[in-house]
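Below: structure_34.pdb (PDB, C-alpha atoms)
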ATOM      1  CA  MET A  25      24.480 -44.777-126.237
ATOM      2  CA  GLU A  26      24.464 -42.207-123.511
ATOM      3  CA  ASN A  27      26.100 -44.721-121.216
ATOM      4  CA  GLU A  28      28.913 -45.229-123.683
ATOM      5  CA  GLU A  29      29.508 -41.512-123.980
ATOM      6  CA  LYS A  30      29.568 -41.151-120.212
ATOM      7  CA  TYR A  31      32.007 -44.001-119.902
ATOM      8  CA  LEU A  32      34.312 -42.459-122.555
ATOM      9  CA  LYS A  33      34.193 -39.033-120.904
ATOM     10  CA  GLU A  34      35.043 -40.564-117.540
ATOM     11  CA  THR A  35      37.821 -42.711-118.954
ATOM     12  CA  VAL A  36      39.463 -40.266-121.389
ATOM     13  CA  GLY A  37      38.158 -36.977-120.087
ATOM     14  CA  GLN A  38      36.922 -33.906-121.893
ATOM     15  CA  GLU A  39      40.335 -33.114-123.356
ATOM     16  CA  ASN A  40      40.849 -33.800-127.061
ATOM     17  CA  PRO A  41      43.730 -36.306-127.368
ATOM     18  CA  PHE A  42      44.502 -35.326-130.954
ATOM     19  CA  ARG A  43      47.023 -32.592-131.698
ATOM     20  CA  VAL A  44      47.836 -30.763-134.938
ATOM     21  CA  PRO A  45      51.506 -30.093-135.675
ATOM     22  CA  GLU A  46      52.558 -26.462-135.594
ATOM     23  CA  GLY A  47      52.322 -24.682-138.944
ATOM     24  CA  TYR A  48      50.289 -27.506-140.459
ATOM     25  CA  PHE A  49      47.462 -25.334-141.739
ATOM     26  CA  GLU A  50      49.799 -22.546-142.845
ATOM     27  CA  LEU A  51      51.549 -24.852-145.343
ATOM     28  CA  LEU A  52      48.524 -27.011-146.163
ATOM     29  CA  ALA A  53      47.419 -25.053-149.230
ATOM     30  CA  GLU A  54      50.924 -25.109-150.712
ATOM     31  CA  ARG A  55      51.290 -28.846-150.176
ATOM     32  CA  VAL A  56      47.901 -29.570-151.735
ATOM     33  CA  MET A  57      48.691 -27.373-154.775
ATOM     34  CA  ASN A  58      52.014 -29.151-155.296
ATOM     35  CA  GLN A  59      50.277 -32.525-155.373
ATOM     36  CA  LEU A  60      47.808 -31.559-158.105
ATOM     37  CA  PRO A  61      48.401 -33.336-161.452
ATOM     38  CA  GLU A  62      48.672 -30.023-163.349
ATOM     39  CA  GLN A  63      51.452 -28.856-161.084
ATOM     40  CA  GLN A  64      53.280 -32.139-161.517
ATOM     41  CA  LYS A  65      53.084 -31.827-165.332
ATOM     42  CA  LYS A  66      54.297 -28.255-165.145
ATOM     43  CA  ARG A  67      57.155 -29.219-162.869
ATOM     44  CA  ARG A  68      58.093 -32.074-165.222
ATOM     45  CA  LEU A  69      58.145 -29.711-168.200
ATOM     46  CA  LEU A  70      60.412 -27.378-166.282
ATOM     47  CA  GLN A  71      62.771 -30.246-165.566
ATOM     48  CA  LEU A  72      62.870 -31.236-169.255
ATOM     49  CA  ARG A  73      63.385 -27.694-170.546
ATOM     50  CA  PRO A  74      67.218 -27.974-170.853
ATOM     51  CA  TRP A  75      66.793 -31.137-172.937
ATOM     52  CA  TYR A  76      64.395 -29.306-175.270
ATOM     53  CA  TYR A  77      66.931 -26.507-175.689
ATOM     54  CA  ALA A  78      69.703 -28.988-176.434
ATOM     55  CA  ALA A  79      67.569 -30.811-179.001
ATOM     56  CA  ALA A  80      66.660 -27.535-180.705
ATOM     57  CA  ALA A  81      70.326 -26.521-180.866
ATOM     58  CA  VAL A  82      71.253 -29.863-182.442
ATOM     59  CA  VAL A  83      68.484 -29.529-185.045
ATOM     60  CA  VAL A  84      69.618 -25.996-185.932
ATOM     61  CA  ALA A  85      73.251 -27.117-186.250
ATOM     62  CA  VAL A  86      72.304 -30.044-188.510
ATOM     63  CA  MET A  87      70.077 -27.857-190.703
ATOM     64  CA  MET A  88      72.791 -25.215-191.063
ATOM     65  CA  SER A  89      75.450 -27.783-191.962
ATOM     66  CA  LEU A  90      73.152 -29.426-194.540
ATOM     67  CA  SER A  91      72.281 -26.042-195.991
ATOM     68  CA  PHE A  92      75.958 -25.132-196.238
ATOM     69  CA  TYR A  93      76.792 -28.483-197.821
ATOM     70  CA  PHE A  94      74.093 -28.264-200.501
ATOM     71  CA  HIS A  95      74.710 -24.578-201.134
ATOM     72  CA  GLN A  96      78.392 -25.288-201.688
ATOM     73  CA  ASP A  97      77.573 -27.900-204.372
ATOM     74  CA  THR A  98      75.433 -25.467-206.363
ATOM     75  CA  ALA A  99      77.989 -22.681-205.984
ATOM     76  CA  ASP A 100      80.622 -24.794-207.756
ATOM     77  CA  ASP A 101      78.444 -25.112-210.878
ATOM     78  CA  GLN A 102      77.869 -21.402-211.524
ATOM     79  CA  PRO A 103      79.430 -18.263-210.159
ATOM     80  CA  ALA A 104      76.771 -16.406-208.219
ATOM     81  CA  VAL A 105      78.361 -12.956-208.744
ATOM     82  CA  ALA A 106      78.143 -13.086-212.554
ATOM     83  CA  ALA A 107      74.458 -14.009-212.407
ATOM     84  CA  VAL A 108      73.708 -11.092-210.114
ATOM     85  CA  GLU A 109      75.630  -8.603-212.272
ATOM     86  CA  THR A 110      73.900  -9.760-215.443
ATOM     87  CA  ASN A 111      70.514  -9.555-213.829
ATOM     88  CA  THR A 112      71.266  -6.047-212.560
ATOM     89  CA  GLU A 113      72.450  -4.888-216.007
ATOM     90  CA  ASN A 114      69.347  -6.301-217.700
ATOM     91  CA  THR A 115      67.094  -4.622-215.173
ATOM     92  CA  TYR A 116      68.902  -1.319-215.641
ATOM     93  CA  MET A 117      68.660  -1.517-219.442
ATOM     94  CA  ASP A 118      64.959  -2.390-219.262
ATOM     95  CA  GLU A 119      64.309   0.622-217.039
ATOM     96  CA  VAL A 120      66.214   2.922-219.411
ATOM     97  CA  ALA A 121      64.307   1.597-222.432
ATOM     98  CA  ASP A 122      60.991   2.057-220.651
ATOM     99  CA  TYR A 123      61.915   5.593-219.611
ATOM    100  CA  ALA A 124      62.997   6.554-223.156
ATOM    101  CA  MET A 125      59.935   4.787-224.625
ATOM    102  CA  LEU A 126      62.074   2.811-227.045
ATOM    103  CA  ASP A 127      60.867  -0.392-228.624
ATOM    104  CA  ASN A 128      63.084  -3.187-229.946
ATOM    105  CA  THR A 129      63.226  -1.806-233.508
ATOM    106  CA  GLU A 130      64.513   1.573-232.365
ATOM    107  CA  ILE A 131      67.076  -0.047-230.075
ATOM    108  CA  TYR A 132      68.388  -2.190-232.973
ATOM    109  CA  ALA A 133      68.599   0.887-235.213
ATOM    110  CA  CYS A 134      70.625   2.776-232.570
ATOM    111  CA  LEU A 135      72.998  -0.151-232.136
ATOM    112  CA  ALA A 136      73.451  -0.584-235.923
ATOM    113  CA  ASP A 137      74.438   3.090-236.341
ATOM    114  CA  ASN A 138      77.353   2.773-233.905
TER     115      ASN A 138
END
Go through the file and emit its structure as structure tokens.
Amino acid sequence: MENEEKYLKETVGQENPFRVPEGYFELLAERVMNQLPEQQKKRRLLQLRPWYYAAAAVVVAVMMSLSFYFHQDTADDQPAVAAVETNTENTYMDEVADYAMLDNTEIYACLADN
């Protein structure tokens, strides 16, 4: 074994024949991190992000158009303004009756007098 080592040292010399490219170790950590599976998944998600946004916009547009379509059908059956006014008047009258502490009999008597 010693003879082999001597022979190699005499033939090749003491100089190391292998060389490292310049800047290899400076960029090594970055290259290794980019090759990790997590980084590849993250990079893939970043590439697909515009498609996700487009899909979300399409879903919102479809939902809004369906909502408008179905809301328009129910609006044709009954006027929404009349229902709101009636509800507001009933609420107002109930509050007045509660404040005046009137029951139904007294309300009927007041209405019959007029």
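Atom to atom, CA of Tyr77 in chain A and CA of Leu60 in chain A stand 26.5 Å apart.
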Enclosing box along x, y and z for every listed atom of range 48-54 of chain A, padded 5 Å each side, centre and size in Å, one decimal, as JSON:
{"center_x": 49.5, "center_y": -25.0, "center_z": -145.6, "size_x": 14.1, "size_y": 15.0, "size_z": 20.3}
Take CA of Met57 in chain A and CA of Gln71 in chain A and report the distance between them in Å, one decimal. 18.0 Å
